[in-house]
Structures are given as C-alpha cells and as structure tokens.
$ cat start_37.cif   # mmCIF, C-alpha atoms
data_entry
loop_
_atom_site.label_atom_id
_atom_site.label_comp_id
_atom_site.auth_asym_id
_atom_site.auth_seq_id
_atom_site.Cartn_x
_atom_site.Cartn_y
_atom_site.Cartn_z
CA MET B 8 90.39 98.37 134.59
CA ASP B 9 90.99 102.10 135.04
CA PHE B 10 90.21 104.34 132.09
CA VAL B 11 92.92 106.88 131.23
CA ASN B 12 93.45 109.60 128.68
CA SER B 13 95.27 108.78 125.43
CA PRO B 14 98.21 111.13 124.74
CA GLU B 15 98.14 113.01 121.46
CA SER B 16 101.62 111.63 120.71
CA GLU B 17 100.14 108.16 120.20
CA LYS B 18 98.02 109.24 117.25
CA ASP B 19 98.66 109.40 113.52
CA LYS B 20 102.25 108.14 113.63
CA PRO B 21 103.84 106.48 110.58
CA MET B 22 104.92 102.89 111.10
CA GLY B 23 107.65 100.67 109.67
CA LYS B 24 108.47 100.09 106.05
CA LEU B 25 108.21 97.46 103.36
CA ASN B 26 111.47 96.52 101.66
CA LEU B 27 110.28 95.30 98.28
CA PRO B 28 112.56 93.23 96.02
CA GLN B 29 115.02 95.12 93.85
CA GLY B 30 113.26 96.93 91.02
CA LYS B 31 109.76 96.48 92.45
CA LYS B 32 107.52 99.45 93.20
CA ILE B 33 104.26 97.91 94.44
CA ALA B 34 103.20 94.54 95.88
CA VAL B 35 99.95 93.12 94.49
CA ASN B 36 98.20 90.25 96.24
CA LEU B 37 95.28 88.88 94.25
CA GLY B 38 94.04 87.11 97.36
CA VAL B 39 91.34 84.47 97.06
CA ASP B 40 88.84 83.56 99.78
CA PHE B 41 88.04 79.93 98.90
CA ASP B 42 84.92 79.82 101.08
CA ALA B 43 82.88 77.31 99.03
CA GLN B 44 79.94 75.95 101.04
CA ALA B 45 81.31 77.20 104.37
CA LEU B 46 80.37 80.77 103.47
CA TRP B 47 76.70 79.83 103.42
CA LEU B 48 77.00 77.89 106.69
CA GLY B 49 78.90 79.99 109.23
CA GLY B 50 78.59 83.16 107.21
CA LEU B 51 74.89 83.35 106.40
CA ASN B 52 73.21 80.24 107.87
CA ARG B 53 71.74 79.09 104.56
CA PRO B 54 72.42 75.34 104.31
CA THR B 55 69.84 74.79 101.58
CA PRO B 56 70.48 72.98 98.27
CA SER B 57 70.56 76.17 96.22
CA PHE B 58 73.22 77.82 98.38
CA MET B 59 75.20 74.59 98.69
CA SER B 60 75.22 74.41 94.88
CA ARG B 61 76.76 77.87 94.77
CA GLY B 62 79.50 76.65 97.09
CA GLU B 63 79.98 73.64 94.84
CA PHE B 64 80.40 75.99 91.84
CA CYS B 65 83.15 77.72 93.81
CA ALA B 66 85.22 74.53 93.99
CA ALA B 67 84.21 72.87 90.73
CA VAL B 68 84.31 75.89 88.40
CA GLY B 69 85.52 79.08 90.10
CA VAL B 70 88.80 77.89 91.55
CA PRO B 71 89.92 76.00 88.41
CA ARG B 72 89.23 79.12 86.31
CA ILE B 73 91.27 81.27 88.70
CA LEU B 74 94.13 78.76 88.84
CA ASP B 75 94.21 78.51 85.05
CA LEU B 76 94.32 82.32 84.78
CA PHE B 77 97.05 82.60 87.40
CA LYS B 78 99.11 79.93 85.61
CA ARG B 79 98.80 81.70 82.26
CA THR B 80 99.84 85.03 83.77
CA GLY B 81 102.56 83.72 86.11
CA ILE B 82 100.90 84.84 89.33
CA LYS B 83 101.32 83.32 92.80
CA SER B 84 98.83 84.29 95.48
CA THR B 85 97.23 83.43 98.81
CA PHE B 86 94.06 81.36 99.12
CA PHE B 87 92.42 81.99 102.50
CA THR B 88 90.56 78.73 102.88
CA PRO B 89 88.24 77.56 105.68
CA ALA B 90 89.20 74.08 106.80
CA HIS B 91 85.62 72.98 106.08
CA THR B 92 86.36 73.70 102.42
CA ILE B 93 89.49 71.54 102.53
CA ASP B 94 87.63 68.68 104.19
CA THR B 95 84.82 68.95 101.62
CA PHE B 96 86.92 69.59 98.49
CA PRO B 97 90.37 68.14 99.25
CA GLU B 98 91.50 67.58 95.66
CA THR B 99 90.81 71.17 94.61
CA SER B 100 92.61 72.36 97.76
CA LYS B 101 95.61 70.16 96.97
CA ARG B 102 95.79 71.58 93.45
CA ILE B 103 96.16 75.07 94.94
CA CYS B 104 99.20 73.92 96.91
CA ASP B 105 100.62 71.90 94.03
CA GLU B 106 100.62 75.01 91.85
CA GLY B 107 102.66 76.96 94.39
CA HIS B 108 100.08 79.15 96.10
CA GLU B 109 99.88 79.92 99.81
CA ILE B 110 97.06 78.62 102.01
CA GLY B 111 95.91 81.02 104.72
CA HIS B 112 93.87 80.15 107.84
CA HIS B 113 90.25 81.27 107.41
CA GLY B 114 88.46 79.57 110.30
CA TYR B 115 86.79 76.19 110.19
CA TYR B 116 83.25 76.76 108.83
CA HIS B 117 83.51 80.53 108.18
CA GLU B 118 82.36 81.26 111.73
CA ASN B 119 81.72 84.76 113.04
CA PRO B 120 84.18 85.33 115.93
CA THR B 121 81.97 87.98 117.53
CA LEU B 122 79.17 85.44 118.12
CA ILE B 123 81.15 82.71 119.88
CA SER B 124 83.03 82.28 123.14
CA ARG B 125 86.79 82.36 123.44
CA GLU B 126 86.79 78.61 124.03
CA THR B 127 84.77 77.93 120.88
CA GLU B 128 86.88 80.31 118.81
CA LYS B 129 90.07 78.55 119.92
CA ARG B 130 88.55 75.10 119.42
CA LEU B 131 87.57 75.92 115.84
CA MET B 132 90.96 77.52 115.14
CA ASP B 133 92.70 74.38 116.38
CA LEU B 134 90.28 72.12 114.52
CA ALA B 135 91.20 73.95 111.32
CA PHE B 136 94.91 73.55 112.04
CA LYS B 137 94.37 69.78 112.24
CA THR B 138 92.76 69.74 108.80
CA TYR B 139 95.48 71.89 107.21
CA GLN B 140 98.06 69.45 108.57
CA SER B 141 96.27 66.16 107.89
CA VAL B 142 95.04 66.96 104.37
CA LEU B 143 97.66 69.39 103.04
CA GLY B 144 100.65 68.75 105.30
CA LEU B 145 101.09 72.38 106.31
CA ARG B 146 100.46 74.93 109.05
CA PRO B 147 99.35 78.34 107.73
CA VAL B 148 101.43 81.32 108.83
CA GLY B 149 98.70 83.87 108.07
CA TYR B 150 95.15 84.35 109.34
CA ARG B 151 92.13 86.10 107.88
CA SER B 152 89.06 86.35 110.07
CA PRO B 153 86.08 84.84 108.22
CA TYR B 154 84.07 87.93 109.14
CA TRP B 155 86.81 90.55 108.84
CA ASP B 156 86.13 91.23 112.49
CA TYR B 157 87.56 90.24 115.85
CA SER B 158 86.13 89.13 119.13
CA GLU B 159 87.80 90.44 122.27
CA SER B 160 89.92 87.26 122.14
CA THR B 161 90.90 87.02 118.47
CA LEU B 162 94.14 88.99 118.54
CA ASP B 163 95.27 87.11 121.64
CA LEU B 164 94.52 83.79 119.93
CA ILE B 165 96.34 84.59 116.70
CA GLU B 166 99.35 85.75 118.70
CA GLU B 167 99.30 82.57 120.76
CA ALA B 168 99.01 80.48 117.60
CA GLY B 169 102.22 82.01 116.26
CA PHE B 170 100.85 83.58 113.08
CA LYS B 171 103.29 85.87 111.25
CA TYR B 172 100.54 88.06 109.84
CA ASP B 173 96.82 88.76 109.88
CA SER B 174 94.68 90.12 107.04
CA SER B 175 91.35 91.17 108.56
CA LEU B 176 91.48 94.81 109.66
CA MET B 177 91.29 98.24 108.05
CA ALA B 178 93.29 100.86 109.97
CA ARG B 179 95.43 101.37 106.84
CA ASP B 180 94.69 100.61 103.21
CA LEU B 181 97.89 100.58 101.13
CA VAL B 182 100.59 99.70 103.69
CA PRO B 183 101.02 96.98 106.33
CA TYR B 184 101.00 97.96 110.01
CA ARG B 185 101.04 96.59 113.55
CA PRO B 186 97.42 96.43 114.79
CA GLN B 187 96.59 97.88 118.18
CA ARG B 188 94.03 96.94 120.76
CA TRP B 189 91.69 99.74 121.83
CA GLN B 190 89.85 100.52 125.02
CA VAL B 191 86.50 101.85 123.84
CA ARG B 192 84.85 104.64 125.83
CA TRP B 193 81.65 106.54 125.17
CA GLU B 194 82.07 109.99 126.69
CA LYS B 195 85.88 110.23 126.62
CA GLY B 196 88.36 109.46 123.88
CA ASN B 197 89.29 105.84 123.24
CA VAL B 198 92.63 104.60 124.61
CA ALA B 199 95.22 102.97 122.34
CA GLY B 200 96.77 99.82 123.73
CA ALA B 201 99.90 97.94 122.74
CA ALA B 202 100.47 97.12 119.09
CA SER B 203 100.72 93.46 118.17
CA LYS B 204 103.80 91.58 117.00
CA VAL B 205 101.54 90.07 114.34
CA LEU B 206 101.78 92.15 111.16
CA GLU B 207 98.52 93.39 109.66
CA ILE B 208 98.12 93.19 105.87
CA PRO B 209 94.93 95.25 105.65
CA VAL B 210 91.79 94.43 103.71
CA SER B 211 89.28 96.77 102.08
CA TRP B 212 85.65 96.31 101.13
CA TYR B 213 86.44 98.33 98.01
CA LEU B 214 88.83 95.60 96.83
CA ASP B 215 86.38 92.79 97.62
CA ASP B 216 84.31 91.36 94.76
CA PHE B 217 81.44 90.23 96.97
CA PRO B 218 79.69 93.52 97.88
CA PRO B 219 79.40 94.91 94.33
CA LEU B 220 78.99 91.70 92.34
CA ALA B 221 77.24 89.03 94.43
CA TYR B 222 73.60 88.11 94.95
CA THR B 223 72.83 86.88 98.46
CA GLY B 224 69.05 86.82 98.45
CA ALA B 225 69.01 89.82 100.78
CA ASN B 226 70.17 92.33 98.22
CA GLU B 227 70.59 92.62 94.50
CA THR B 228 73.87 94.39 93.87
CA MET B 229 75.24 92.40 90.90
CA GLY B 230 76.83 95.63 89.71
CA ASP B 231 78.18 96.64 86.34
CA THR B 232 81.61 95.11 85.73
CA GLU B 233 82.99 98.24 84.05
CA THR B 234 82.22 100.30 87.15
CA VAL B 235 83.93 97.78 89.42
CA LEU B 236 86.92 97.46 87.10
CA ARG B 237 87.33 101.25 87.05
CA ARG B 238 87.27 101.36 90.84
CA TRP B 239 89.91 98.66 91.13
CA LYS B 240 92.13 100.41 88.56
CA ASP B 241 91.73 103.76 90.32
CA ILE B 242 92.85 102.34 93.66
CA PHE B 243 95.87 100.75 91.96
CA ASP B 244 96.71 104.02 90.19
CA TYR B 245 96.62 105.96 93.45
CA CYS B 246 98.84 103.44 95.22
CA TYR B 247 101.27 103.20 92.31
CA SER B 248 101.67 106.97 92.06
CA ASN B 249 101.44 108.07 95.67
CA GLN B 250 102.44 105.28 98.07
CA PRO B 251 106.12 104.26 98.00
CA ASN B 252 106.49 100.50 98.53
CA GLY B 253 102.72 100.16 98.75
CA ILE B 254 100.50 97.09 98.77
CA TYR B 255 97.33 96.33 96.85
CA VAL B 256 95.43 93.46 98.50
CA MET B 257 92.26 91.98 97.03
CA ALA B 258 89.68 89.53 98.38
CA LEU B 259 88.28 87.52 95.48
CA HIS B 260 85.65 84.82 95.93
CA PRO B 261 85.69 82.04 93.31
CA GLN B 262 81.91 81.71 93.32
CA ILE B 263 81.77 85.41 92.36
CA ILE B 264 84.93 86.27 90.38
CA GLY B 265 84.81 82.81 88.79
CA GLN B 266 81.65 83.63 86.88
CA ALA B 267 82.34 83.83 83.14
CA HIS B 268 81.97 87.59 82.74
CA HIS B 269 83.84 88.29 85.97
CA ILE B 270 86.87 86.13 85.14
CA ILE B 271 87.19 88.08 81.89
CA MET B 272 87.23 91.29 83.97
CA LEU B 273 89.91 89.85 86.26
CA GLY B 274 92.03 88.99 83.25
CA ARG B 275 91.74 92.57 82.01
CA LEU B 276 92.73 93.86 85.44
CA ILE B 277 95.84 91.66 85.48
CA GLU B 278 96.79 92.92 82.02
CA TYR B 279 96.45 96.48 83.32
CA PHE B 280 98.71 95.75 86.29
CA LYS B 281 101.28 94.12 84.03
CA SER B 282 101.40 97.20 81.81
CA HIS B 283 103.14 99.02 84.69
CA GLU B 284 106.81 98.57 85.57
CA GLY B 285 107.78 97.31 89.01
CA VAL B 286 104.63 95.36 89.89
CA TRP B 287 105.36 92.40 92.18
CA PHE B 288 102.63 89.74 92.34
CA ALA B 289 103.19 88.13 95.73
CA THR B 290 101.66 85.98 98.43
CA CYS B 291 100.81 87.62 101.73
CA GLU B 292 103.54 85.53 103.35
CA ALA B 293 106.13 86.97 100.95
CA ILE B 294 104.87 90.50 101.61
CA ALA B 295 105.06 90.01 105.38
CA ALA B 296 108.66 88.76 105.04
CA CYS B 297 109.63 92.17 103.56
CA TRP B 298 108.46 94.17 106.57
CA GLU B 299 110.90 96.05 108.78
CA ASP B 300 109.80 97.62 112.07
CA ASP B 301 110.94 101.11 112.98
CA ASP B 302 111.26 102.90 116.32
CA GLU B 303 107.60 103.89 116.23
CA ASP B 304 106.52 100.28 115.85
CA ARG B 305 108.67 99.29 118.78
CA ARG B 306 107.28 102.15 120.89
CA LEU B 307 103.70 101.15 120.11
CA MET B 308 104.39 97.50 120.88
CA ALA B 309 105.72 98.57 124.29
CA LEU B 310 102.59 100.54 125.31
CA PRO B 311 100.58 99.39 128.35
CA ASP B 312 97.71 97.04 127.69
CA ALA B 313 94.35 98.71 127.04
CA ARG B 314 91.24 96.91 125.85
CA GLY B 315 87.55 96.34 126.48
CA VAL B 316 84.39 98.37 125.98
CA GLU B 317 82.89 100.62 128.62
CA PRO B 318 79.23 100.01 129.44
CA MET B 319 76.96 102.07 127.24
CA PRO B 320 75.56 105.21 128.90
CA ALA B 321 72.23 104.35 130.48
CA ASP B 322 70.47 107.24 128.75
CA TYR B 323 71.59 106.18 125.25
CA ASN B 324 68.87 103.92 123.89
CA TRP B 325 70.70 102.05 121.14
CA PRO B 326 71.24 98.30 120.83
CA ARG B 327 74.74 97.22 121.85
CA ARG B 328 75.25 95.72 118.40
CA HIS B 329 73.32 96.53 115.27
CA ALA B 330 73.37 95.37 111.65
#
$ encode --input "start_37.cif" --output "structure tokens"
Amino acid sequence: MDFVNSPESEKDKPMGKLNLPQGKKIAVNLGVDFDAQALWLGGLNRPTPSFMSRGEFCAAVGVPRILDLFKRTGIKSTFFTPAHTIDTFPETSKRICDEGHEIGHHGYYHENPTLISRETEKRLMDLAFKTYQSVLGLRPVGYRSPYWDYSESTLDLIEEAGFKYDSSLMARDLVPYRPQRWQVRWEKGNVAGAASKVLEIPVSWYLDDFPPLAYTGANETMGDTETVLRRWKDIFDYCYSNQPNGIYVMALHPQIIGQAHHIIMLGRLIEYFKSHEGVWFATCEAIAACWEDDDEDRRLMALPDARGVEPMPADYNWPRRHA
C-alpha cells in the first residue's frame, strides 16, 4: 500500500450530534463489565483457585448487589458480558436480562484481540454469539473489546457482524463518534482512513473502577474511595456544564465495585447524579439510537481506505510492542 500525506482538513473536525430525549441534558451509562472468572483466564492467565474465587464473588455477590442498587434507584444499564461468564453463571446472567438491562458482546473468555489471528478472533466472536442466543435468546447489538484494544481485524469483524455500536476506544471522552482506521507511519504523519458506520461510545480509564481500586497481584492500587469518588464527580461536573448532549460512560466490574465499601460509594455517586436535573440513565443501545450523523461524518465515512503499520525504522532499537 502506498503511503500518502494526510490533509490538514481531515483533522480536528466535529462530528454528528446526540439527540437526547426531551428535557434531558446528559446521558449516563453505568456500564458493567461482568467478567467473572473469564477476566482471570483470557485477561491475566491466572486460572488458580484464588483468582477463580474472585470471579465467583463477581457473580455470587457483586452482580446481585449492583442489580439491587439499580432496582432501588430505577436505573437501566448495559452489562458487557463474556460468553464464558454466561455459560458458567447462566442464572445470574438471566437475572440481568429479566430486570431489563442490556447485554453487550464482550468476547468469549475475555481474550486479547491483539494476541490472536483473525480466524481465532472471528471464531471466538461467533462462539460467543451462539451462547448469547442459546442461553439468553438474544444477539447483542453492541461490542466492547475485552482488552479495550483492537487487532488489525477487529473493526472489520464488528462491522461484518452487524453491530450498531462499539465501546472500546478513546478518541473522544464525552461524546460518541465514528471511529477511523489509521495508517501508522514512523517518520511521516499518520494517515486517517475511512470512518466506520459502527458508532463509537468511548471508554475512559478514568471512569473504570479497576485501575484505582483493584488488587491484581502485580500492583497494589486499592486507592482511597473518596479520591476516586471526587474524580468521578469532577468528570460528571465538567460534562454537565460544558458538553451539550454529552455522555458519561463508566466501566464497573462487579468483583471490584461490588465490594461492600465500593457499593456504598456507587450509591453516593448515583445520588449525586440524581441531584442534577436532566440526567438520563440509559443503556448504550438507547444512547446509540439517539445519534444523528452530520455532513462531516458522511465525509469521513467516504474517505479512501488507509490502515496498517509501517515497518519500524531499522535504527530504532525498541520492541515492536511493549508493556
């Protein structure tokens, strides 16, 4: 593939708009990643009894606490759930659906797409679809990469699968957008390729409970809840005051947020949100249904294809991938 210059006109353009329901000012998705034991398998390769017990806590304690809290506060949300979790804990998974929440595709065993072939990635995506259908009687319309990262094939596969939206990337923080492919170059600027017809509902590590609150054995964050709560409130405040028709999308893990002291913090956060007028607690599917493309979206979707990564310069002694 030839490498070409990227015009300045393709950069920093606004995209589309979110048409929230009448009277609503901000969409809040208290998204849940119901990873259970799969997190410790595909995510961290720790299939030992201790880590499996933490996954069991996720299903046996964490999810019921979250569902009870959501029921008390009248919240509907999206549970991004690996199919391995559904096969292992089908009754808990069915309760999520019975209580009106959305199930999102989250891989089969929380696999890392960047470490597997296209064929394996598609096989696991399809294997998960079979479980969603056979156990829950549904086909998810949204996808969240288990690793919040893509292989070179992931965007192609989620387009081919017919997903309405993805929630894995970070090119925006408080608004949806159409994700673009990029041709990565080392000694020239990167080239923007065509935007996808799949809508991106972006994620943020700052709105994820795992980095500041979890213990993995490799680090000891387990941070102070007041500090985390202040961060989450600050991000909400900025969005509420500065981003018209904005979105606030969390990634909560039941084995983390479901801990006693953390679920109290989540309850306080919900109370804070509810003290503001015009807050719409919504599933990612409902948020995606409010999106309207504009001329810039259509222009970006019509760009020529550009993708791939140039070979690293021979005189640059750095591993191709690093932790």
$ resolve_selection --input "start_37.cif" --expression "the PyMOL selection byres ((chain B and resi 146) around 10)" --output "PyMOL selection string"
chain B and resi 110-112+135-141+143-145+147-149+170
$ write_last_selection --input "start_37.cif" --atoms "C-alpha atoms" --output "PDB file, keeping the file's coordinate frame"
ATOM      1  CA  ILE B 110      97.060  78.620 102.010  1.00  0.00           C
ATOM      2  CA  GLY B 111      95.910  81.020 104.720  1.00  0.00           C
ATOM      3  CA  HIS B 112      93.870  80.150 107.840  1.00  0.00           C
ATOM      4  CA  ALA B 135      91.200  73.950 111.320  1.00  0.00           C
ATOM      5  CA  PHE B 136      94.910  73.550 112.040  1.00  0.00           C
ATOM      6  CA  LYS B 137      94.370  69.780 112.240  1.00  0.00           C
ATOM      7  CA  THR B 138      92.760  69.740 108.800  1.00  0.00           C
ATOM      8  CA  TYR B 139      95.480  71.890 107.210  1.00  0.00           C
ATOM      9  CA  GLN B 140      98.060  69.450 108.570  1.00  0.00           C
ATOM     10  CA  SER B 141      96.270  66.160 107.890  1.00  0.00           C
ATOM     11  CA  LEU B 143      97.660  69.390 103.040  1.00  0.00           C
ATOM     12  CA  GLY B 144     100.650  68.750 105.300  1.00  0.00           C
ATOM     13  CA  LEU B 145     101.090  72.380 106.310  1.00  0.00           C
ATOM     14  CA  PRO B 147      99.350  78.340 107.730  1.00  0.00           C
ATOM     15  CA  VAL B 148     101.430  81.320 108.830  1.00  0.00           C
ATOM     16  CA  GLY B 149      98.700  83.870 108.070  1.00  0.00           C
ATOM     17  CA  PHE B 170     100.850  83.580 113.080  1.00  0.00           C
TER      18      PHE B 170
END
$ atom_distance --input "start_37.cif" --atom1 "atom CA of Trp155 of chain B" --atom2 "atom CA of Met319 of chain B"
23.8 Å
$ residues_around --input "start_37.cif" --residues "Asp40 of chain B" --least-positions-apart "3" --cutoff "8 Å" --atoms "all atoms listed in the file" --output "PyMOL selection string"
chain B and resi 86-88+258-261
$ residues_around --input "start_37.cif" --residues "Tyr157 of chain B" --least-positions-apart "3" --cutoff "12 Å" --atoms "all atoms listed in the file" --output "ChimeraX atom specification"
/B:118-125,128,150-154,160-165,173-177,186,188-189
$ write_last_selection --input "start_37.cif" --atoms "C-alpha atoms" --output "compact mmCIF listing (two decimals), in the coordinates of the input"
# COMPACT_ATOMS: atom_id res chain seq x y z
CA GLU B 118 82.36 81.26 111.73
CA ASN B 119 81.72 84.76 113.04
CA PRO B 120 84.18 85.33 115.93
CA THR B 121 81.97 87.98 117.53
CA LEU B 122 79.17 85.44 118.12
CA ILE B 123 81.15 82.71 119.88
CA SER B 124 83.03 82.28 123.14
CA ARG B 125 86.79 82.36 123.44
CA GLU B 128 86.88 80.31 118.81
CA TYR B 150 95.15 84.35 109.34
CA ARG B 151 92.13 86.10 107.88
CA SER B 152 89.06 86.35 110.07
CA PRO B 153 86.08 84.84 108.22
CA TYR B 154 84.07 87.93 109.14
CA SER B 160 89.92 87.26 122.14
CA THR B 161 90.90 87.02 118.47
CA LEU B 162 94.14 88.99 118.54
CA ASP B 163 95.27 87.11 121.64
CA LEU B 164 94.52 83.79 119.93
CA ILE B 165 96.34 84.59 116.70
CA ASP B 173 96.82 88.76 109.88
CA SER B 174 94.68 90.12 107.04
CA SER B 175 91.35 91.17 108.56
CA LEU B 176 91.48 94.81 109.66
CA MET B 177 91.29 98.24 108.05
CA PRO B 186 97.42 96.43 114.79
CA ARG B 188 94.03 96.94 120.76
CA TRP B 189 91.69 99.74 121.83
$ axis_aligned_box --input "start_37.cif" --around "segment 121-137 of chain B" --padding-each-side "8 Å" --output "lines of an AutoDock Vina configuration file"
center_x = 87.0
center_y = 78.9
center_z = 117.7
size_x = 31.7
size_y = 34.2
size_z = 28.7
$ residues_near_point --input "start_37.cif" --point "(86.4, 69.5, 101.8)" --cutoff "10 Å" --atoms "only C-alpha atoms" --output "VMD selection string"
chain B and resid 43 to 45 66 89 to 100 138 142
$ write_last_selection --input "start_37.cif" --atoms "C-alpha atoms" --output "PDB file, in the frame of the given file"
ATOM      1  CA  ALA B  43      82.880  77.310  99.030  1.00  0.00           C
ATOM      2  CA  GLN B  44      79.940  75.950 101.040  1.00  0.00           C
ATOM      3  CA  ALA B  45      81.310  77.200 104.370  1.00  0.00           C
ATOM      4  CA  ALA B  66      85.220  74.530  93.990  1.00  0.00           C
ATOM      5  CA  PRO B  89      88.240  77.560 105.680  1.00  0.00           C
ATOM      6  CA  ALA B  90      89.200  74.080 106.800  1.00  0.00           C
ATOM      7  CA  HIS B  91      85.620  72.980 106.080  1.00  0.00           C
ATOM      8  CA  THR B  92      86.360  73.700 102.420  1.00  0.00           C
ATOM      9  CA  ILE B  93      89.490  71.540 102.530  1.00  0.00           C
ATOM     10  CA  ASP B  94      87.630  68.680 104.190  1.00  0.00           C
ATOM     11  CA  THR B  95      84.820  68.950 101.620  1.00  0.00           C
ATOM     12  CA  PHE B  96      86.920  69.590  98.490  1.00  0.00           C
ATOM     13  CA  PRO B  97      90.370  68.140  99.250  1.00  0.00           C
ATOM     14  CA  GLU B  98      91.500  67.580  95.660  1.00  0.00           C
ATOM     15  CA  THR B  99      90.810  71.170  94.610  1.00  0.00           C
ATOM     16  CA  SER B 100      92.610  72.360  97.760  1.00  0.00           C
ATOM     17  CA  THR B 138      92.760  69.740 108.800  1.00  0.00           C
ATOM     18  CA  VAL B 142      95.040  66.960 104.370  1.00  0.00           C
TER      19      VAL B 142
END
$ atom_distance --input "start_37.cif" --atom1 "atom CA of Thr290 of chain B" --atom2 "atom CA of Ile254 of chain B"
11.2 Å
$ atom_distance --input "start_37.cif" --atom1 "atom CA of His117 of chain B" --atom2 "atom CA of Trp212 of chain B"
17.4 Å
$ closest_residue --input "start_37.cif" --among "B:Val210, B:Glu194, B:Pro251, B:Arg275" --to "Pro320 of chain B" --atoms "only C-alpha atoms"
B:Glu194
$ closest_residue --input "start_37.cif" --among "B:Asn36, B:Gln29, B:Lys204, B:Val316" --to "Gly169 of chain B" --atoms "all atoms listed in the file"
B:Lys204
$ resolve_selection --input "start_37.cif" --expression "the PyMOL selection byres ((chain B and resi 23-27) around 6)" --output "list in words"
Met22, Pro28, Lys31, Asn252, Cys297, Trp298, Glu299, Asp300 and Asp301 of chain B
$ resolve_selection --input "start_37.cif" --expression "the PyMOL selection byres ((chain B and resi 237-240) around 9)" --output "list in words"
Tyr213, Leu214, Thr232, Glu233, Thr234, Val235, Leu236, Asp241, Ile242, Phe243, Asp244, Tyr245, Leu276, Tyr279 and Phe280 of chain B
$ closest_residue --input "start_37.cif" --among "B:Ile294, B:Glu106, B:Lys129, B:Ala199" --to "Asp312 of chain B" --atoms "all atoms listed in the file"
B:Ala199
$ closest_residue --input "start_37.cif" --among "B:Gly200, B:Gly38, B:Pro183, B:Gly62" --to "Ala313 of chain B" --atoms "only C-alpha atoms"
B:Gly200
$ closest_residue --input "start_37.cif" --among "B:His268, B:Lys281, B:Lys171, B:Arg192" --to "Gly315 of chain B" --atoms "only C-alpha atoms"
B:Arg192
$ residues_near_point --input "start_37.cif" --point "(102.1, 97.5, 99.8)" --cutoff "6 Å" --atoms "all atoms listed in the file" --output "PyMOL selection string"
chain B and resi 33-34+181-182+252-255
